[in-house]
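Raw my_file_6.cif, mmCIF, C-alpha atoms and all ligand atoms:
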data_protein
#
loop_
_atom_site.label_atom_id
_atom_site.label_comp_id
_atom_site.auth_asym_id
_atom_site.auth_seq_id
_atom_site.Cartn_x
_atom_site.Cartn_y
_atom_site.Cartn_z
CA MET Q 1 -92.63 145.57 -131.50
CA HIS Q 2 -94.39 142.56 -130.01
CA LYS Q 3 -91.67 140.06 -130.85
CA ASN Q 4 -89.17 142.02 -128.79
CA GLN Q 5 -91.35 141.77 -125.69
CA THR Q 6 -90.22 138.17 -125.21
CA ILE Q 7 -86.53 138.96 -125.38
CA ASN Q 8 -84.61 138.59 -122.15
CA PHE Q 9 -81.07 139.86 -121.67
CA SER Q 10 -81.15 139.06 -117.95
CA PHE Q 11 -79.28 135.78 -118.38
CA LEU Q 12 -76.38 137.67 -119.98
CA ALA Q 13 -76.40 140.63 -117.58
CA PRO Q 14 -73.80 139.27 -115.08
CA VAL Q 15 -71.25 138.53 -117.82
CA TYR Q 16 -72.21 141.08 -120.49
CA ASP Q 17 -69.41 143.59 -119.85
CA LEU Q 18 -66.73 140.91 -119.56
CA LEU Q 19 -67.88 139.15 -122.73
CA GLY Q 20 -67.93 142.43 -124.66
CA THR Q 21 -64.45 143.37 -123.47
CA VAL Q 22 -62.91 140.01 -124.28
CA CYS Q 23 -64.62 139.40 -127.63
CA PHE Q 24 -64.26 142.91 -129.03
CA LEU Q 25 -60.96 143.98 -127.39
CA GLY Q 26 -62.68 146.62 -125.31
CA LYS Q 27 -63.90 148.46 -128.40
CA LEU Q 28 -67.62 148.19 -127.59
CA HIS Q 29 -67.07 150.42 -124.57
CA ALA Q 30 -64.33 152.55 -126.16
CA SER Q 31 -66.62 153.37 -129.11
CA GLN Q 32 -69.16 154.81 -126.66
CA LYS Q 33 -66.65 156.72 -124.53
CA LYS Q 34 -65.25 158.44 -127.63
CA GLN Q 35 -68.70 159.95 -128.18
CA LEU Q 36 -68.48 161.89 -124.91
CA LYS Q 37 -66.13 164.54 -126.26
CA HIS Q 38 -68.73 165.44 -128.90
CA PHE Q 39 -71.55 165.95 -126.38
CA PRO Q 40 -72.29 169.38 -124.90
CA LYS Q 41 -71.03 169.72 -121.33
CA GLN Q 42 -74.52 170.71 -120.12
CA VAL Q 43 -77.73 169.04 -121.22
CA LYS Q 44 -81.21 169.49 -119.78
CA ASN Q 45 -82.61 166.02 -120.23
CA ILE Q 46 -81.13 162.79 -121.54
CA LEU Q 47 -82.69 159.52 -122.70
CA ILE Q 48 -80.67 156.31 -122.73
CA LEU Q 49 -82.43 153.39 -124.41
CA GLY Q 50 -81.33 149.79 -123.90
CA GLY Q 51 -78.53 151.04 -121.67
CA GLY Q 52 -77.66 147.59 -120.32
CA THR Q 53 -75.39 147.21 -117.29
CA GLY Q 54 -74.84 150.96 -116.84
CA LYS Q 55 -71.12 151.08 -117.62
CA PHE Q 56 -71.55 153.95 -120.07
CA LEU Q 57 -74.19 155.59 -117.87
CA VAL Q 58 -71.57 156.13 -115.15
CA ASP Q 59 -69.07 157.62 -117.65
CA LEU Q 60 -71.69 159.93 -119.09
CA ALA Q 61 -73.21 161.06 -115.80
CA SER Q 62 -69.74 161.78 -114.36
CA GLN Q 63 -68.80 164.06 -117.25
CA ILE Q 64 -72.01 165.75 -118.40
CA ASP Q 65 -74.06 168.09 -116.28
CA PHE Q 66 -77.76 167.23 -116.65
CA GLU Q 67 -81.10 168.01 -114.99
CA SER Q 68 -82.73 164.63 -115.59
CA LEU Q 69 -81.87 161.33 -117.22
CA THR Q 70 -84.30 158.60 -118.26
CA TYR Q 71 -82.75 155.13 -118.42
CA LEU Q 72 -84.91 152.50 -120.08
CA ASP Q 73 -84.16 148.81 -120.53
CA ILE Q 74 -86.45 145.82 -120.93
CA SER Q 75 -84.31 143.59 -118.68
CA PRO Q 76 -84.87 143.82 -114.88
CA LYS Q 77 -81.35 142.45 -114.23
CA MET Q 78 -79.75 145.07 -116.49
CA ILE Q 79 -81.72 147.83 -114.73
CA SER Q 80 -80.75 146.56 -111.29
CA GLN Q 81 -77.06 146.36 -112.28
CA ALA Q 82 -77.14 149.89 -113.69
CA ARG Q 83 -78.83 151.16 -110.53
CA SER Q 84 -76.23 149.45 -108.31
CA LYS Q 85 -73.39 151.00 -110.34
CA VAL Q 86 -74.88 154.46 -109.85
CA ILE Q 87 -75.35 153.88 -106.11
CA LYS Q 88 -71.74 152.68 -105.81
CA GLU Q 89 -69.96 155.17 -108.06
CA ILE Q 90 -72.07 158.34 -108.34
CA PRO Q 91 -74.70 158.14 -105.53
CA GLN Q 92 -75.22 161.91 -105.50
CA LEU Q 93 -76.74 161.66 -109.02
CA LEU Q 94 -79.26 158.92 -108.22
CA PRO Q 95 -82.20 161.32 -107.61
CA LYS Q 96 -81.78 162.75 -111.12
CA ILE Q 97 -81.96 159.35 -112.86
CA ASN Q 98 -85.29 157.72 -113.65
CA PHE Q 99 -84.85 153.97 -114.21
CA ILE Q 100 -87.63 152.40 -116.29
CA CYS Q 101 -87.85 148.67 -116.84
CA ALA Q 102 -90.01 148.40 -119.97
CA PRO Q 103 -89.91 147.76 -123.70
CA ALA Q 104 -88.96 150.76 -125.82
CA SER Q 105 -92.44 150.68 -127.37
CA ASP Q 106 -93.81 151.83 -123.97
CA LEU Q 107 -91.62 154.92 -123.91
CA PRO Q 108 -93.80 157.89 -122.91
CA ASP Q 109 -93.78 160.88 -125.27
CA GLN Q 110 -91.41 163.56 -124.03
CA THR Q 111 -88.80 165.82 -125.54
CA TYR Q 112 -85.10 165.13 -124.97
CA GLU Q 113 -81.99 167.16 -125.73
CA LEU Q 114 -79.79 164.08 -125.96
CA ILE Q 115 -80.91 160.61 -127.01
CA ILE Q 116 -78.54 157.66 -126.73
CA THR Q 117 -78.95 154.35 -128.55
CA HIS Q 118 -75.74 152.34 -128.27
CA TYR Q 119 -75.78 148.73 -129.48
CA PHE Q 120 -79.55 148.85 -129.08
CA MET Q 121 -81.11 149.56 -132.49
CA ASP Q 122 -79.65 146.26 -133.71
CA CYS Q 123 -82.21 144.52 -131.47
CA PHE Q 124 -84.98 145.36 -133.97
CA GLN Q 125 -86.14 144.09 -137.30
CA GLN Q 126 -86.16 146.67 -140.10
CA LYS Q 127 -89.83 147.66 -139.73
CA ASP Q 128 -89.69 147.99 -135.94
CA PHE Q 129 -86.40 149.88 -136.18
CA GLU Q 130 -88.00 152.39 -138.56
CA LEU Q 131 -91.05 152.87 -136.32
CA LEU Q 132 -88.94 153.42 -133.22
CA ALA Q 133 -86.40 155.62 -135.02
CA LEU Q 134 -89.20 157.89 -136.26
CA LYS Q 135 -90.66 158.10 -132.76
CA LEU Q 136 -87.24 159.03 -131.34
CA ARG Q 137 -86.67 161.62 -134.05
CA ASN Q 138 -89.96 163.26 -133.08
CA MET Q 139 -88.94 163.22 -129.42
CA LEU Q 140 -85.65 164.99 -130.09
CA ALA Q 141 -85.59 168.70 -129.16
CA PRO Q 142 -85.07 171.05 -132.16
CA ASN Q 143 -81.33 171.38 -131.48
CA GLY Q 144 -81.04 168.01 -129.77
CA LEU Q 145 -78.44 165.34 -130.50
CA TRP Q 146 -78.82 161.62 -131.07
CA SER Q 147 -75.83 159.44 -130.36
CA MET Q 148 -75.97 156.20 -132.31
CA VAL Q 149 -73.31 153.51 -131.93
CA ASP Q 150 -73.78 150.07 -133.45
CA PHE Q 151 -72.58 147.24 -135.63
CA TYR Q 152 -72.45 147.93 -139.36
CA ASN Q 153 -71.64 146.02 -142.49
CA GLU Q 154 -71.48 148.82 -145.05
CA SER Q 155 -69.53 147.14 -147.81
CA ASN Q 156 -71.23 143.79 -147.20
CA SER Q 157 -67.92 142.12 -146.46
CA SER Q 158 -68.38 138.37 -146.19
CA SER Q 159 -66.28 138.03 -143.00
CA ARG Q 160 -68.30 140.79 -141.27
CA SER Q 161 -71.57 139.25 -142.50
CA LEU Q 162 -70.53 135.91 -141.03
CA LEU Q 163 -69.59 137.47 -137.69
CA ILE Q 164 -72.88 139.40 -137.53
CA ARG Q 165 -74.84 136.24 -138.35
CA PHE Q 166 -72.98 134.44 -135.58
CA LEU Q 167 -73.76 137.27 -133.13
CA TYR Q 168 -77.46 137.14 -133.96
CA LEU Q 169 -77.42 133.36 -133.50
CA PHE Q 170 -75.74 133.81 -130.11
CA PHE Q 171 -78.33 136.40 -129.02
CA ARG Q 172 -81.18 134.27 -130.35
CA VAL Q 173 -80.06 131.33 -128.22
CA SER Q 174 -79.09 133.31 -125.10
CA CYS Q 175 -81.68 136.13 -125.11
CA ASN Q 176 -84.43 134.96 -127.44
CA LEU Q 177 -83.75 137.89 -129.78
CA ASN Q 178 -85.76 137.32 -132.92
CA VAL Q 179 -83.68 139.34 -135.40
CA ARG Q 180 -81.55 137.88 -138.16
CA LYS Q 181 -79.95 140.85 -139.87
CA LEU Q 182 -78.94 144.40 -139.11
CA PRO Q 183 -81.50 147.06 -139.99
CA GLU Q 184 -80.39 149.46 -142.73
CA PHE Q 185 -79.29 152.16 -140.34
CA ASP Q 186 -77.46 154.40 -142.80
CA ALA Q 187 -80.31 154.60 -145.31
CA TRP Q 188 -82.74 155.69 -142.59
CA PHE Q 189 -80.43 158.22 -140.91
CA HIS Q 190 -79.40 159.62 -144.29
CA ARG Q 191 -83.07 160.28 -145.11
CA HIS Q 192 -84.17 161.67 -141.75
CA MET Q 193 -81.20 163.16 -139.88
CA HIS Q 194 -78.12 165.27 -140.38
CA CYS Q 195 -74.82 163.64 -139.44
CA GLN Q 196 -72.59 165.87 -137.29
CA HIS Q 197 -69.79 163.39 -136.79
CA SER Q 198 -69.05 159.76 -137.50
CA GLN Q 199 -66.24 157.36 -136.70
CA LYS Q 200 -65.59 153.73 -137.61
CA LEU Q 201 -63.85 151.18 -135.41
CA LEU Q 202 -62.66 147.60 -135.85
CA ASN Q 203 -62.26 147.98 -139.58
CA GLY Q 204 -65.79 149.28 -140.08
CA LEU Q 205 -67.57 146.66 -137.96
CA LEU Q 206 -68.56 149.36 -135.44
CA LYS Q 207 -69.68 152.89 -136.18
CA ALA Q 208 -70.30 155.77 -133.78
CA SER Q 209 -72.28 158.75 -135.10
CA LEU Q 210 -73.89 161.88 -133.78
CA TYR Q 211 -77.02 163.17 -135.49
CA LYS Q 212 -79.16 166.28 -135.46
CA LYS Q 213 -82.60 166.81 -136.97
CA ILE Q 214 -82.52 168.06 -140.56
C1 LIG Q 301 -76.77 144.55 -126.74
S1 LIG Q 301 -77.31 145.22 -125.22
C2 LIG Q 301 -76.47 146.81 -125.19
C3 LIG Q 301 -76.36 147.39 -123.82
C4 LIG Q 301 -75.61 148.73 -123.73
N1 LIG Q 301 -76.24 149.76 -124.52
C5 LIG Q 301 -74.17 148.55 -124.09
O1 LIG Q 301 -73.76 148.99 -125.17
O2 LIG Q 301 -73.44 147.96 -123.30
C6 LIG Q 301 -78.96 145.68 -125.63
C7 LIG Q 301 -79.76 146.15 -124.44
O3 LIG Q 301 -81.02 146.59 -124.92
C8 LIG Q 301 -82.06 146.02 -124.13
N2 LIG Q 301 -83.22 145.85 -125.03
C9 LIG Q 301 -83.30 145.05 -126.12
N3 LIG Q 301 -84.50 145.19 -126.72
C10 LIG Q 301 -85.19 146.11 -126.00
C11 LIG Q 301 -86.48 146.69 -126.13
N4 LIG Q 301 -87.32 146.34 -127.10
N5 LIG Q 301 -86.85 147.62 -125.21
C12 LIG Q 301 -86.00 147.99 -124.21
N6 LIG Q 301 -84.77 147.46 -124.04
C13 LIG Q 301 -84.37 146.54 -124.92
C14 LIG Q 301 -81.50 144.71 -123.58
O4 LIG Q 301 -82.12 144.31 -122.40
C15 LIG Q 301 -80.03 145.06 -123.41
O5 LIG Q 301 -79.75 145.55 -122.13
#

Rewrite the coordinates I just gave you, this time as structure tokens.
Amino acid sequence: MHKNQTINFSFLAPVYDLLGTVCFLGKLHASQKKQLKHFPKQVKNILILGGGTGKFLVDLASQIDFESLTYLDISPKMISQARSKVIKEIPQLLPKINFICAPASDLPDQTYELIITHYFMDCFQQKDFELLALKLRNMLAPNGLWSMVDFYNESNSSSRSLLIRFLYLFFRVSCNLNVRKLPEFDAWFHRHMHCQHSQKLLNGLLKASLYKKI
């Protein structure tokens, strides 16, 4: 995952939520919030990877009872924004949240009951996605859940392909993200996980799924 170590979302951090809301009609956040009703109300430990500004972290932590939550992101600005949101909105939960500013490849081996990758796995090229996905699968507790929300282009529609290419160009210029196409998420999850629930938004551009180990 060496190429990803040079990526830097810090420049986008101050405007990320606003941009997402305006460009995708609020659906980037809505797609994540809809996942909450499928999560158990009590979870021992949670891992959020590439959590960004912490908007979803606050929703999740306010609704799910947990013992510990690990929040990893490679961008120091994203981590500091997420931390500030917690301090402002749910300060009583701060001691239970472990903020780690590091690349996902540095994630220490541990078992989690709930793993969350929302608009994060699209930051990897196919090979790196597969390596990380396998690592996460192995870290999932036997009855654990993996919430995956991301961009998709299942039927290879030309308008969606164009939009996704534009998004990757935007992230290449603004964040130095060296990825040009979406990894084949469905093929991997179909092979390695069992889908509990799945929902498409924005005419199939976004998909939110919940997986268990086979
Ligand atoms: C597109 S943003 C999504 C943020 C958040 N999950 C959301 O949906 O609003 C991707 C996030 O993943 C982080 N990220 C990208 N590549 C990473 C890597 N290799 N290791 C850790 N974090 C990474 C970025 O810093 C950024 O905050």

Go through the chains and note each residue within 6 Å of ligand LIG 301 (chain Q), using only C-alpha atoms and all ligand atoms, then give the set as a ChimeraX atom specification. /Q:4,9,50-52,73-75,78,102-104,118-120,123

By how many Å are atom CA of Gln42 of chain Q and atom CA of Leu60 of chain Q apart? 11.2 Å

Can you list, as a ChimeraX atom specification, every protein, DNA or RNA residue that comes within 9 Å of Ile115 of chain Q when you count only C-alpha atoms, leaving out same-chain residues fewer than 3 positions away? /Q:45-49,112,136,139-140,144-148

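Using only C-alpha atoms for every distance, the candidate list Q:Lys181, Q:Lys200, Q:Arg191, Q:Lys37 yields Q:Lys37 as the residue closest to Asp59 of chain Q.
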
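Taking all atoms listed in the file into account, Ser84 of chain Q lies nearest to Q:Lys55 out of the set Q:Lys55, Q:Lys27, Q:Arg172, Q:Lys44.
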
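Atom CA of Arg137 of chain Q is positioned 8.1 Å from atom CA of His192 of chain Q.
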
Counting all atoms listed in the file, write as a list in words all protein and nucleic acid residues lying at most 9 Å from (-76.5, 141.3, -121.6) in the file's frame. Asn8, Phe9, Ser10, Phe11, Leu12, Ala13, Pro14, Val15, Tyr16, Asp17, Leu19, Gly52, Thr53, Ser75, Lys77, Met78 and Cys175 of chain Q

Would you mind exporting the chosen residues as a short mmCIF file (atom, residue, chain, number, x, y, z; two decimals), in the frame of the given file, restricted to C-alpha atoms?
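Resulting contents of again-v6.cif:
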data_model
loop_
_atom_site.label_atom_id
_atom_site.label_comp_id
_atom_site.auth_asym_id
_atom_site.auth_seq_id
_atom_site.Cartn_x
_atom_site.Cartn_y
_atom_site.Cartn_z
CA ASN Q 8 -84.61 138.59 -122.15
CA PHE Q 9 -81.07 139.86 -121.67
CA SER Q 10 -81.15 139.06 -117.95
CA PHE Q 11 -79.28 135.78 -118.38
CA LEU Q 12 -76.38 137.67 -119.98
CA ALA Q 13 -76.40 140.63 -117.58
CA PRO Q 14 -73.80 139.27 -115.08
CA VAL Q 15 -71.25 138.53 -117.82
CA TYR Q 16 -72.21 141.08 -120.49
CA ASP Q 17 -69.41 143.59 -119.85
CA LEU Q 19 -67.88 139.15 -122.73
CA GLY Q 52 -77.66 147.59 -120.32
CA THR Q 53 -75.39 147.21 -117.29
CA SER Q 75 -84.31 143.59 -118.68
CA LYS Q 77 -81.35 142.45 -114.23
CA MET Q 78 -79.75 145.07 -116.49
CA CYS Q 175 -81.68 136.13 -125.11
#

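The point (-63.2, 155.1, -124.3) has these residues within 12 Å of it, counting only C-alpha atoms: Thr21, Leu25, Gly26, Lys27, Leu28, His29, Ala30, Ser31, Gln32, Lys33, Lys34, Gln35, Leu36, Lys37, Lys55, Phe56, Asp59, Leu60, Leu201 and Ala208 of chain Q.
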